[in-house]
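This is query00.cif. It holds mmCIF, C-alpha atoms.
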```cif
data_target
#
loop_
_atom_site.label_atom_id
_atom_site.label_comp_id
_atom_site.auth_asym_id
_atom_site.auth_seq_id
_atom_site.Cartn_x
_atom_site.Cartn_y
_atom_site.Cartn_z
CA MET A 19 -34.42 -78.59 48.22
CA ALA A 20 -36.15 -77.95 44.89
CA ASP A 21 -33.92 -77.55 41.86
CA GLU A 22 -33.68 -74.10 40.35
CA VAL A 23 -33.29 -74.47 36.59
CA ILE A 24 -33.00 -71.37 34.42
CA LEU A 25 -32.34 -71.38 30.70
CA LEU A 26 -30.91 -68.30 29.01
CA ASP A 27 -32.32 -68.66 25.54
CA TYR A 28 -33.26 -67.05 22.23
CA TRP A 29 -36.47 -68.31 20.69
CA PRO A 30 -35.40 -69.10 17.08
CA SER A 31 -32.01 -70.56 18.04
CA PRO A 32 -31.49 -74.18 16.96
CA PHE A 33 -28.99 -74.46 19.84
CA GLY A 34 -31.39 -73.13 22.44
CA ALA A 35 -33.97 -75.58 21.06
CA ARG A 36 -31.65 -78.49 21.85
CA ALA A 37 -31.53 -77.54 25.53
CA ARG A 38 -35.31 -76.97 25.73
CA ILE A 39 -36.01 -80.34 24.13
CA ALA A 40 -33.64 -82.19 26.48
CA LEU A 41 -35.21 -80.59 29.56
CA ARG A 42 -38.70 -81.49 28.36
CA GLU A 43 -37.67 -85.05 27.48
CA LYS A 44 -36.65 -85.40 31.12
CA GLY A 45 -39.76 -83.64 32.43
CA VAL A 46 -37.66 -80.99 34.19
CA GLU A 47 -39.40 -77.75 35.18
CA PHE A 48 -37.43 -74.73 34.06
CA GLU A 49 -37.66 -70.98 33.71
CA THR A 50 -36.77 -69.42 30.37
CA ARG A 51 -35.15 -66.02 30.21
CA GLU A 52 -35.30 -64.71 26.70
CA GLU A 53 -32.18 -62.83 25.56
CA ASN A 54 -31.92 -59.97 23.10
CA LEU A 55 -28.72 -60.94 21.30
CA ARG A 56 -28.05 -57.36 20.28
CA ASP A 57 -28.28 -56.24 23.92
CA LYS A 58 -27.08 -59.16 26.02
CA SER A 59 -28.11 -59.21 29.66
CA PRO A 60 -25.57 -58.77 32.48
CA LEU A 61 -26.55 -62.27 33.60
CA LEU A 62 -25.58 -63.82 30.26
CA LEU A 63 -22.26 -61.96 30.21
CA GLN A 64 -21.60 -63.11 33.76
CA MET A 65 -22.62 -66.74 33.18
CA ASN A 66 -20.90 -67.18 29.80
CA PRO A 67 -18.10 -64.60 29.76
CA ILE A 68 -16.00 -66.46 27.21
CA HIS A 69 -18.49 -67.04 24.41
CA LYS A 70 -21.33 -64.73 25.51
CA LYS A 71 -23.76 -67.08 23.77
CA ILE A 72 -26.99 -68.89 24.52
CA PRO A 73 -28.04 -71.43 25.56
CA VAL A 74 -26.77 -71.26 29.11
CA LEU A 75 -28.32 -73.60 31.64
CA ILE A 76 -28.10 -72.22 35.16
CA HIS A 77 -28.70 -75.07 37.59
CA ASN A 78 -28.86 -74.00 41.23
CA GLY A 79 -26.82 -70.93 40.34
CA LYS A 80 -24.09 -72.74 38.37
CA PRO A 81 -23.83 -72.20 34.58
CA VAL A 82 -23.34 -74.84 31.90
CA CYS A 83 -22.59 -73.62 28.35
CA GLU A 84 -22.42 -75.04 24.80
CA SER A 85 -25.67 -76.69 23.66
CA MET A 86 -24.64 -80.36 23.41
CA ASN A 87 -22.61 -80.02 26.62
CA VAL A 88 -25.84 -78.78 28.24
CA VAL A 89 -27.73 -81.77 26.82
CA GLN A 90 -25.13 -84.21 28.18
CA TYR A 91 -25.24 -82.50 31.57
CA ILE A 92 -29.06 -82.76 31.65
CA ASP A 93 -28.77 -86.47 30.78
CA GLU A 94 -26.25 -87.08 33.59
CA VAL A 95 -28.08 -85.11 36.29
CA TRP A 96 -31.55 -86.50 35.56
CA SER A 97 -30.22 -89.95 34.82
CA ASP A 98 -33.17 -91.81 36.30
CA ARG A 99 -35.47 -91.28 33.31
CA ASN A 100 -35.56 -91.22 29.49
CA PRO A 101 -31.87 -91.67 28.73
CA ILE A 102 -30.59 -89.42 25.95
CA LEU A 103 -27.22 -91.12 25.45
CA PRO A 104 -27.10 -94.92 25.18
CA SER A 105 -25.45 -96.88 28.00
CA ASP A 106 -23.15 -98.95 25.77
CA PRO A 107 -19.72 -97.24 25.45
CA TYR A 108 -19.40 -97.93 21.71
CA GLN A 109 -22.91 -96.57 20.99
CA ARG A 110 -22.09 -93.53 23.13
CA ALA A 111 -18.93 -92.96 21.14
CA GLN A 112 -20.86 -93.20 17.87
CA ALA A 113 -23.45 -90.70 19.18
CA ARG A 114 -20.69 -88.26 20.20
CA PHE A 115 -18.90 -88.72 16.87
CA TRP A 116 -22.03 -87.90 14.89
CA VAL A 117 -22.91 -84.89 17.03
CA ASP A 118 -19.37 -83.61 16.37
CA PHE A 119 -19.99 -84.21 12.65
CA VAL A 120 -23.30 -82.29 12.78
CA ASP A 121 -21.69 -79.34 14.53
CA THR A 122 -18.62 -79.19 12.31
CA LYS A 123 -20.13 -79.97 8.90
CA LEU A 124 -23.64 -78.51 9.07
CA PHE A 125 -23.02 -75.39 11.13
CA GLU A 126 -21.15 -73.20 8.64
CA PRO A 127 -23.10 -74.05 5.48
CA ALA A 128 -26.40 -73.70 7.39
CA ASP A 129 -25.44 -70.16 8.40
CA LYS A 130 -24.09 -69.25 4.97
CA LEU A 131 -27.32 -70.39 3.35
CA TRP A 132 -29.18 -67.41 4.73
CA GLN A 133 -26.24 -65.01 5.08
CA THR A 134 -24.95 -65.10 1.53
CA LYS A 135 -26.04 -65.04 -2.07
CA GLY A 136 -24.77 -66.00 -5.51
CA GLU A 137 -21.81 -68.35 -5.77
CA GLU A 138 -21.11 -68.36 -2.04
CA GLN A 139 -24.68 -69.44 -1.35
CA GLU A 140 -24.51 -72.15 -4.03
CA THR A 141 -21.37 -73.58 -2.41
CA ALA A 142 -23.07 -73.48 1.00
CA LYS A 143 -26.07 -75.32 -0.44
CA LYS A 144 -23.84 -78.00 -1.96
CA ASP A 145 -21.92 -78.49 1.33
CA TYR A 146 -25.14 -78.55 3.34
CA ILE A 147 -26.76 -81.21 1.18
CA GLU A 148 -23.57 -83.27 1.09
CA ALA A 149 -23.46 -83.30 4.90
CA LEU A 150 -27.16 -84.19 5.11
CA LYS A 151 -26.59 -87.09 2.71
CA ILE A 152 -23.79 -88.48 4.85
CA LEU A 153 -26.06 -88.19 7.88
CA GLU A 154 -28.84 -89.91 5.97
CA SER A 155 -26.62 -92.87 5.18
CA GLU A 156 -25.69 -93.11 8.88
CA LEU A 157 -29.41 -93.07 9.75
CA GLY A 158 -29.98 -96.02 7.40
CA ASP A 159 -33.34 -97.65 8.06
CA LYS A 160 -33.55 -96.62 11.71
CA PRO A 161 -36.47 -94.38 12.71
CA TYR A 162 -34.08 -92.20 14.71
CA PHE A 163 -30.31 -91.79 14.87
CA GLY A 164 -30.74 -93.23 18.35
CA GLY A 165 -32.26 -96.40 16.83
CA ASP A 166 -35.77 -96.99 18.11
CA THR A 167 -35.54 -94.12 20.52
CA PHE A 168 -35.07 -90.37 20.12
CA GLY A 169 -31.57 -89.65 21.37
CA PHE A 170 -28.48 -87.45 21.45
CA VAL A 171 -27.93 -87.08 17.72
CA ASP A 172 -31.65 -86.59 17.08
CA ILE A 173 -31.71 -83.72 19.58
CA ALA A 174 -28.69 -82.16 17.87
CA MET A 175 -30.38 -82.49 14.46
CA THR A 176 -33.80 -81.25 15.57
CA GLY A 177 -32.31 -77.81 16.07
CA TYR A 178 -31.40 -77.83 12.37
CA TYR A 179 -34.71 -79.46 11.36
CA SER A 180 -36.48 -76.40 12.81
CA TRP A 181 -34.62 -74.29 10.27
CA PHE A 182 -35.12 -76.60 7.27
CA GLU A 183 -38.06 -74.68 5.84
CA ALA A 184 -36.32 -71.32 6.17
CA SER A 185 -33.13 -72.74 4.63
CA GLU A 186 -35.07 -74.17 1.70
CA LYS A 187 -36.93 -70.93 0.97
CA LEU A 188 -33.85 -68.74 1.28
CA GLY A 189 -31.62 -71.13 -0.63
CA ASN A 190 -34.29 -71.89 -3.20
CA PHE A 191 -33.99 -75.65 -2.99
CA SER A 192 -35.78 -78.65 -1.55
CA ILE A 193 -34.30 -81.10 0.93
CA GLU A 194 -36.81 -83.94 0.59
CA PRO A 195 -35.85 -85.10 -2.93
CA GLU A 196 -32.19 -85.11 -1.86
CA CYS A 197 -32.69 -86.83 1.50
CA PRO A 198 -36.14 -88.44 1.74
CA ILE A 199 -35.25 -90.82 4.58
CA LEU A 200 -33.68 -88.09 6.69
CA MET A 201 -36.74 -85.94 6.02
CA ALA A 202 -39.03 -88.74 7.26
CA SER A 203 -37.00 -88.96 10.48
CA ALA A 204 -37.08 -85.16 10.77
CA LYS A 205 -40.87 -85.16 10.53
CA ARG A 206 -41.02 -87.85 13.21
CA CYS A 207 -38.82 -85.74 15.51
CA LEU A 208 -40.79 -82.56 14.83
CA GLN A 209 -43.97 -84.31 15.98
CA ARG A 210 -42.62 -85.31 19.39
CA GLU A 211 -44.33 -83.59 22.28
CA SER A 212 -41.09 -82.21 23.76
CA VAL A 213 -40.18 -80.79 20.35
CA VAL A 214 -43.61 -79.32 19.57
CA LYS A 215 -43.53 -77.52 22.93
CA SER A 216 -39.96 -76.30 22.32
CA LEU A 217 -40.10 -74.93 18.81
CA HIS A 218 -41.78 -71.88 17.43
CA ASP A 219 -43.82 -71.76 14.25
CA SER A 220 -41.59 -72.39 11.24
CA GLU A 221 -43.32 -69.39 9.64
CA LYS A 222 -42.04 -67.12 12.39
CA ILE A 223 -38.54 -68.50 11.87
CA LEU A 224 -38.80 -67.87 8.12
CA GLU A 225 -40.01 -64.31 8.78
CA LEU A 226 -37.02 -63.73 11.05
CA ALA A 227 -34.64 -65.24 8.51
CA TYR A 228 -35.89 -62.78 5.85
CA GLN A 229 -35.41 -59.90 8.31
CA LEU A 230 -31.90 -61.04 9.20
CA ARG A 231 -31.03 -61.34 5.54
CA LYS A 232 -32.02 -57.69 5.06
CA ILE A 233 -29.79 -56.73 7.98
CA TYR A 234 -26.93 -58.62 6.36
CA CYS A 235 -27.80 -56.57 3.23
CA VAL A 236 -28.19 -59.65 1.10
CA MET B 30 -5.67 -112.21 25.11
CA ASN B 31 -8.52 -112.67 22.66
CA GLN B 32 -7.41 -111.18 19.32
CA ASP B 33 -10.66 -109.27 19.14
CA GLU B 34 -10.09 -107.60 22.48
CA GLN B 35 -6.77 -106.07 21.49
CA VAL B 36 -6.72 -102.33 21.23
CA LYS B 37 -5.12 -100.80 18.16
CA VAL B 38 -4.31 -97.16 17.66
CA LEU B 39 -3.79 -95.77 14.20
CA GLY B 40 -1.86 -92.54 14.57
CA LEU B 41 0.84 -90.17 13.40
CA TRP B 42 3.98 -89.78 15.53
CA GLY B 43 3.90 -85.97 15.47
CA SER B 44 0.18 -85.41 15.99
CA PRO B 45 -1.07 -84.01 19.33
CA PHE B 46 -4.51 -85.52 18.57
CA SER B 47 -2.99 -88.95 18.10
CA LYS B 48 -0.93 -88.58 21.29
CA ARG B 49 -4.01 -87.74 23.37
CA VAL B 50 -5.23 -91.29 22.82
CA GLU B 51 -1.85 -92.85 23.62
CA ILE B 52 -1.51 -90.73 26.78
CA VAL B 53 -4.87 -91.94 28.10
CA LEU B 54 -4.11 -95.58 27.31
CA LYS B 55 -0.76 -95.27 29.11
CA LEU B 56 -2.28 -93.51 32.14
CA LYS B 57 -4.92 -96.23 32.40
CA GLY B 58 -2.41 -99.04 31.87
CA ILE B 59 -4.21 -100.41 28.82
CA PRO B 60 -1.92 -102.31 26.44
CA TYR B 61 -2.28 -101.44 22.77
CA GLU B 62 -0.75 -101.99 19.38
CA TYR B 63 0.35 -98.78 17.73
CA ILE B 64 0.20 -98.52 13.96
CA GLU B 65 1.86 -95.57 12.28
CA ASP B 66 -0.05 -94.02 9.41
CA VAL B 67 1.84 -92.22 6.66
CA TYR B 68 2.32 -88.45 6.56
CA GLY B 69 0.90 -87.03 3.36
CA ASN B 70 -0.49 -90.35 2.14
CA LYS B 71 -3.57 -91.81 3.79
CA SER B 72 -3.30 -95.55 4.20
CA PRO B 73 -5.99 -98.05 3.13
CA MET B 74 -6.36 -98.89 6.81
CA LEU B 75 -7.16 -95.27 7.65
CA LEU B 76 -9.66 -95.00 4.82
CA LYS B 77 -11.32 -98.20 6.02
CA TYR B 78 -11.53 -97.24 9.71
CA ASN B 79 -12.32 -93.53 9.30
CA PRO B 80 -14.04 -93.14 5.95
CA ILE B 81 -15.84 -89.97 7.03
CA HIS B 82 -12.93 -87.73 8.04
CA LYS B 83 -9.97 -89.83 6.86
CA LYS B 84 -7.91 -88.60 9.82
CA VAL B 85 -5.97 -90.04 12.69
CA PRO B 86 -6.27 -90.98 15.44
CA VAL B 87 -8.52 -93.99 15.13
CA LEU B 88 -9.00 -96.54 17.89
CA VAL B 89 -9.92 -100.07 16.94
CA HIS B 90 -11.36 -102.24 19.72
CA ASN B 91 -13.27 -105.49 19.37
CA GLY B 92 -13.03 -105.04 15.62
CA ARG B 93 -14.89 -101.70 15.70
CA SER B 94 -13.39 -98.30 15.06
CA ILE B 95 -13.85 -95.00 16.84
CA ALA B 96 -12.62 -91.66 15.48
CA GLU B 97 -12.14 -88.10 16.81
CA SER B 98 -9.58 -87.89 19.61
CA LEU B 99 -11.80 -86.54 22.40
CA VAL B 100 -14.59 -89.00 21.48
CA ILE B 101 -11.98 -91.78 21.70
CA VAL B 102 -10.77 -90.51 25.10
CA GLU B 103 -14.34 -90.62 26.45
CA TYR B 104 -14.81 -94.11 24.96
CA ILE B 105 -11.70 -95.34 26.76
CA GLU B 106 -12.97 -93.75 29.97
CA ASP B 107 -16.43 -95.34 29.56
CA THR B 108 -15.01 -98.78 28.73
CA TRP B 109 -12.18 -99.17 31.27
CA LYS B 110 -13.87 -97.90 34.41
CA THR B 111 -11.73 -99.52 37.09
CA SER B 112 -8.46 -97.76 36.44
CA TYR B 113 -7.23 -94.16 36.58
CA MET B 114 -10.19 -91.85 35.90
CA ILE B 115 -9.79 -88.99 33.45
CA LEU B 116 -13.12 -87.25 34.07
CA PRO B 117 -14.57 -86.25 37.45
CA GLN B 118 -17.61 -88.10 38.82
CA ASP B 119 -19.73 -85.04 39.52
CA PRO B 120 -21.89 -84.05 36.48
CA TYR B 121 -21.15 -80.33 36.90
CA GLU B 122 -17.40 -80.90 37.07
CA ARG B 123 -17.68 -83.17 34.01
CA ALA B 124 -19.55 -80.44 32.12
CA MET B 125 -16.81 -77.96 33.04
CA ALA B 126 -14.09 -80.38 31.87
CA ARG B 127 -15.86 -80.93 28.55
CA PHE B 128 -16.36 -77.17 28.12
CA TRP B 129 -12.67 -76.40 28.62
CA ALA B 130 -11.49 -79.33 26.49
CA LYS B 131 -13.69 -78.10 23.64
CA TYR B 132 -12.43 -74.55 24.14
CA VAL B 133 -8.82 -75.70 23.83
CA ASP B 134 -9.62 -77.85 20.80
CA GLU B 135 -11.84 -75.51 18.82
CA LYS B 136 -10.65 -72.04 19.77
CA VAL B 137 -7.17 -71.93 21.23
CA MET B 138 -5.41 -74.56 19.10
CA VAL B 139 -7.04 -73.34 15.89
CA ALA B 140 -6.14 -69.69 16.61
CA MET B 141 -2.56 -70.65 17.54
CA TRP B 142 -2.11 -72.62 14.36
CA LYS B 143 -3.48 -69.84 12.17
CA ALA B 144 -1.41 -67.23 14.03
CA CYS B 145 1.75 -69.20 13.21
CA TRP B 146 0.99 -70.49 9.76
CA GLY B 147 -2.29 -69.10 8.52
CA PRO B 148 -2.77 -66.56 5.71
CA LYS B 149 -0.67 -63.47 6.47
CA SER B 150 -3.68 -61.16 6.39
CA GLU B 151 -5.29 -63.01 9.30
CA ARG B 152 -2.27 -63.53 11.54
CA GLU B 153 -2.75 -60.41 13.62
CA LYS B 154 -6.37 -61.25 14.39
CA GLU B 155 -5.53 -64.90 15.14
CA THR B 156 -2.62 -63.90 17.39
CA LYS B 157 -4.97 -61.74 19.44
CA GLU B 158 -7.48 -64.58 19.69
CA ALA B 159 -4.82 -67.10 20.66
CA TYR B 160 -3.44 -64.75 23.30
CA GLU B 161 -6.88 -64.15 24.78
CA GLY B 162 -7.65 -67.86 24.76
CA LEU B 163 -4.41 -68.68 26.54
CA LYS B 164 -5.19 -65.99 29.12
CA TYR B 165 -8.53 -67.63 29.89
CA LEU B 166 -6.76 -70.97 30.30
CA GLU B 167 -4.10 -69.38 32.51
CA LYS B 168 -6.86 -68.06 34.77
CA GLU B 169 -8.78 -71.36 34.78
CA LEU B 170 -5.64 -73.29 35.73
CA GLY B 171 -4.76 -70.88 38.53
CA ASP B 172 -2.41 -72.45 41.04
CA LYS B 173 -3.72 -76.01 40.56
CA HIS B 174 -1.14 -78.62 39.56
CA PHE B 175 -3.28 -79.61 36.62
CA PHE B 176 -6.56 -78.54 35.05
CA GLY B 177 -7.88 -81.78 36.54
CA GLY B 178 -6.73 -80.73 40.02
CA GLU B 179 -4.15 -83.00 41.65
CA THR B 180 -4.03 -85.43 38.74
CA ILE B 181 -3.91 -85.19 34.97
CA GLY B 182 -7.42 -85.15 33.55
CA PHE B 183 -9.51 -84.57 30.44
CA VAL B 184 -8.60 -80.92 29.96
CA ASP B 185 -4.88 -81.53 30.50
CA ILE B 186 -4.97 -84.23 27.85
CA ALA B 187 -6.91 -82.02 25.43
CA ALA B 188 -4.31 -79.31 26.06
CA ASP B 189 -1.33 -81.57 25.26
CA PHE B 190 -0.57 -79.28 22.32
CA ILE B 191 -0.06 -76.39 24.73
CA GLY B 192 1.95 -78.56 27.11
CA TYR B 193 4.49 -79.76 24.58
CA TRP B 194 3.93 -78.80 20.96
CA LEU B 195 3.42 -75.07 21.50
CA GLY B 196 7.01 -74.32 22.50
CA ILE B 197 8.32 -76.20 19.48
CA VAL B 198 5.74 -74.61 17.14
CA GLN B 199 6.71 -71.13 18.39
CA GLU B 200 10.38 -71.83 17.74
CA ALA B 201 9.78 -73.40 14.34
CA SER B 202 7.43 -70.67 13.11
CA GLY B 203 9.14 -67.68 14.71
CA VAL B 204 5.83 -66.57 16.25
CA THR B 205 5.80 -66.16 20.05
CA ILE B 206 2.52 -65.79 21.85
CA MET B 207 2.93 -67.77 25.06
CA THR B 208 5.82 -66.49 27.17
CA ALA B 209 6.86 -67.56 30.64
CA GLU B 210 6.42 -64.00 31.94
CA GLU B 211 2.86 -63.60 30.74
CA PHE B 212 1.76 -67.19 31.40
CA PRO B 213 3.53 -68.43 34.55
CA ASN B 214 0.77 -70.94 35.45
CA LEU B 215 0.72 -72.55 32.00
CA GLN B 216 4.52 -72.58 31.96
CA ARG B 217 4.66 -74.40 35.29
CA TRP B 218 1.86 -76.75 34.23
CA SER B 219 3.53 -77.69 30.98
CA LYS B 220 6.77 -78.61 32.78
CA GLU B 221 4.83 -80.90 35.14
CA PHE B 222 2.76 -82.34 32.30
CA ILE B 223 5.70 -83.38 30.15
CA SER B 224 7.67 -84.77 33.07
CA ASN B 225 4.93 -87.30 33.86
CA ASN B 226 6.49 -90.74 33.34
CA PHE B 227 3.71 -92.09 31.13
CA ILE B 228 3.47 -88.96 29.01
CA LYS B 229 7.23 -88.75 28.54
CA GLU B 230 7.14 -92.21 26.92
CA VAL B 231 4.88 -91.17 24.07
CA LEU B 232 5.90 -87.60 23.25
CA PRO B 233 7.60 -87.19 19.88
CA PRO B 234 11.29 -86.19 19.91
CA LYS B 235 11.65 -82.40 19.92
CA GLN B 236 14.17 -82.02 17.09
CA LYS B 237 12.37 -84.43 14.80
CA LEU B 238 9.10 -82.57 15.41
CA ALA B 239 10.69 -79.17 14.75
CA THR B 240 12.12 -80.45 11.47
CA LEU B 241 8.76 -81.86 10.40
CA LEU B 242 6.93 -78.61 11.23
CA LYS B 243 9.45 -76.45 9.43
CA ALA B 244 9.27 -78.70 6.39
CA GLN B 245 5.46 -78.75 6.34
CA PHE B 246 4.73 -75.16 7.13
CA GLY B 247 7.86 -73.02 6.75
CA SER B 248 8.27 -70.07 9.10
CA VAL B 249 6.86 -66.57 9.35
CA THR B 250 10.17 -65.22 8.12
CA SER B 251 10.39 -67.51 5.11
CA ASP B 252 7.02 -66.50 3.61
#
```
Before we go any further, please render this structure as structure tokens.
Amino acid sequence: MADEVILLDYWPSPFGARARIALREKGVEFETREENLRDKSPLLLQMNPIHKKIPVLIHNGKPVCESMNVVQYIDEVWSDRNPILPSDPYQRAQARFWVDFVDTKLFEPADKLWQTKGEEQETAKKDYIEALKILESELGDKPYFGGDTFGFVDIAMTGYYSWFEASEKLGNFSIEPECPILMASAKRCLQRESVVKSLHDSEKILELAYQLRKIYCV
Amino acid sequence: MNQDEQVKVLGLWGSPFSKRVEIVLKLKGIPYEYIEDVYGNKSPMLLKYNPIHKKVPVLVHNGRSIAESLVIVEYIEDTWKTSYMILPQDPYERAMARFWAKYVDEKVMVAMWKACWGPKSEREKETKEAYEGLKYLEKELGDKHFFGGETIGFVDIAADFIGYWLGIVQEASGVTIMTAEEFPNLQRWSKEFISNNFIKEVLPPKQKLATLLKAQFGSVTSD
């Protein structure tokens, strides 16, 4: 029986991007259903009643929610190719630890960067860069967080990399001078085939970010 | 036993996060050395083994440290595969377990804490969120013995705060959100959870915990 894989998604979402990238890394055929977040579909509300958020992966009718949970699920189901998590338990634990760090330390400042202005935005900028610097020191001289291969933490970060340009323009700062090594890894990730196919033009994201800022009356 | 192979847990006696790790080690029959950190004063050992977050619990195994309680639980599960399994084998069931564990950790516990001891202006909103979160858990548990089914699993361990701490927190803070009448499944579950022989061994004494909480956070009436 062929697998039915549907992804409830929203094109600029860094979280949706993570799921898309993971599916493409594994060469899994899937159908995207684009959501309007201001008018969520009955399917989304049925498949993710608690959070009502994308991405939701619906695999043979059963939903999986929360982006990195979706990525782990994809890795475990299609385990015969391109592993996303390492097989060594300690390396797996490190990957999970750093993904938790990304989602707890980058998430709020990244949002506040485009949602706020003045002092609040300056604080967000400071927190964002601080978190990126810690991540950069974890990266060290590896090409990817996964070492020689693009892995779990890289997928988590690529969602944020897709918003780097928009964050820089809206926050009026530049990431590269602060984190040149992380930036080099980001560029490497953004060139991967699975990523190129999964992300929209950074210009479109920037355009959207400006629009959203107007809606937030900033 | 090779010195390097010994498992060490750096924890705090009253912390539900710390106890998650001890519960799993006990359930899996893995011997470990427990090292108590110091409330209100982070030890050099903690700063060495968890420089990023500077929090317990930390597991040290083969000279390497792992932090974040649920990451540690999965590490233990990945490393000691032959004993009692905490996560199901099926990828979908595993995804569900991880979803609910995260929900407990990030939504329900946080809302409960803020409802009891957060800024006064937010308590009403947090109480509503905590109540809703507990209702979702009540429904997810249903009439199963445990979230893991017949045996204690990942979600049960993540929800240790609800199983044991919540009653004491409610008493200490004067805020009641989870009642037996409204949450019969969770009530039944928590009794079974805390009467497990391995879990009983590691739970902090009730009175001591109540005293600590009152001292650290006061109560809603004392604000």
Closest of A:Lys160, A:Arg110, A:Lys135, A:Lys143 to chain B, counting all atoms listed in the file, is A:Arg110
Residues of chain B were defined as contacting chain A if any atom lay at most 6 Å from it, counting all atoms listed in the file; please report them as a PyMOL selection string. chain B and resi 100+104+107-108
Can you pull out every residue within 6 Å of segment 48-52 of chain A, counting only C-alpha atoms, but drop anything in the same chain fewer than 5 positions away, and send it as a ChimeraX atom specification?
-> /A:23-28
| field | Explicit residue set for the PyMOL selection byres ((chain B and resi 168-180) around 9), as a PyMOL selection string | value | chain B and resi 115-117+126+129+163-167+181-185+214-215+217-218+221-222
Could you take the residues named above and write them with C-alpha atoms, as a tab-separated table (two decimals), in the frame of the given file?
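Output file out20.tsv follows:
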```tsv
chain	number	residue	atom	x	y	z
B	115	ILE	CA	-9.79	-88.99	33.45
B	116	LEU	CA	-13.12	-87.25	34.07
B	117	PRO	CA	-14.57	-86.25	37.45
B	126	ALA	CA	-14.09	-80.38	31.87
B	129	TRP	CA	-12.67	-76.40	28.62
B	163	LEU	CA	-4.41	-68.68	26.54
B	164	LYS	CA	-5.19	-65.99	29.12
B	165	TYR	CA	-8.53	-67.63	29.89
B	166	LEU	CA	-6.76	-70.97	30.30
B	167	GLU	CA	-4.10	-69.38	32.51
B	181	ILE	CA	-3.91	-85.19	34.97
B	182	GLY	CA	-7.42	-85.15	33.55
B	183	PHE	CA	-9.51	-84.57	30.44
B	184	VAL	CA	-8.60	-80.92	29.96
B	185	ASP	CA	-4.88	-81.53	30.50
B	214	ASN	CA	0.77	-70.94	35.45
B	215	LEU	CA	0.72	-72.55	32.00
B	217	ARG	CA	4.66	-74.40	35.29
B	218	TRP	CA	1.86	-76.75	34.23
B	221	GLU	CA	4.83	-80.90	35.14
B	222	PHE	CA	2.76	-82.34	32.30
```
If you count only C-alpha atoms, the residue of A:Pro198, A:Pro127, A:Gly169, A:Pro104 closest to Arg36 of chain A turns out to be A:Gly169
Polymer residues at most 12 Å from Glu138 of chain A, all atoms listed in the file, same-chain spacing of 6 or more positions, as JSON, numbers by chain: {"A": [126, 127, 129, 130, 131, 132, 144, 145, 189, 236]}
Given the file above and the PyMOL selection byres ((chain B and resi 197) around 9), which residues are selected, and can you give them as a PyMOL selection string? chain B and resi 193-196+198-202+235-236+238-239+242
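Taking only C-alpha atoms, the non-local environment of segment 229-232 of chain B within 10 Å (same-chain residues fewer than 3 positions away omitted) comprises B:Trp42, B:Gly43, B:Ser44, B:Pro45, B:Lys48, B:Arg49, B:Glu51, B:Ile52, B:Lys55, B:Asp189, B:Tyr193, B:Trp194, B:Phe222, B:Ile223, B:Ser224, B:Asn225, B:Asn226, B:Lys235, B:Leu238.
Taking atom CA of Ile59 of chain B as the reference point, atom CA of Ile228 of chain B is found at 13.8 Å.
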(Q) So that I can see what lies close to Tyr146 of chain A, please list as a PyMOL selection string the residues with an atom at most 8 Å from it, counting only C-alpha atoms and leaving out residues fewer than 6 positions away in the same chain. (A) chain A and resi 123-124+127-128
Inset, instruction - Could you tell me which residues the PyMOL selection byres ((chain B and resi 159) around 8) returns for this structure, as JSON, numbers by chain? - result: {"B": [136, 137, 138, 140, 141, 144, 155, 156, 157, 158, 160, 161, 162, 163, 206]}
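Going from atom CA of Ile81 of chain B over to atom CA of Ala96 of chain B, you cover 9.2 Å.
What separates atom CA of Glu62 of chain B from atom CA of Val89 of chain B is a distance of 9.7 Å.
Take the candidates A:Thr134, A:Phe125, A:Lys71, A:Glu156 and check each one against Val171 of chain A using only C-alpha atoms; the shortest distance goes to A:Glu156.
Counting only C-alpha atoms, the residue from B:Gly203, B:Pro148, B:Pro60, B:Pro80 that sits nearest to Lys243 of chain B is B:Gly203.
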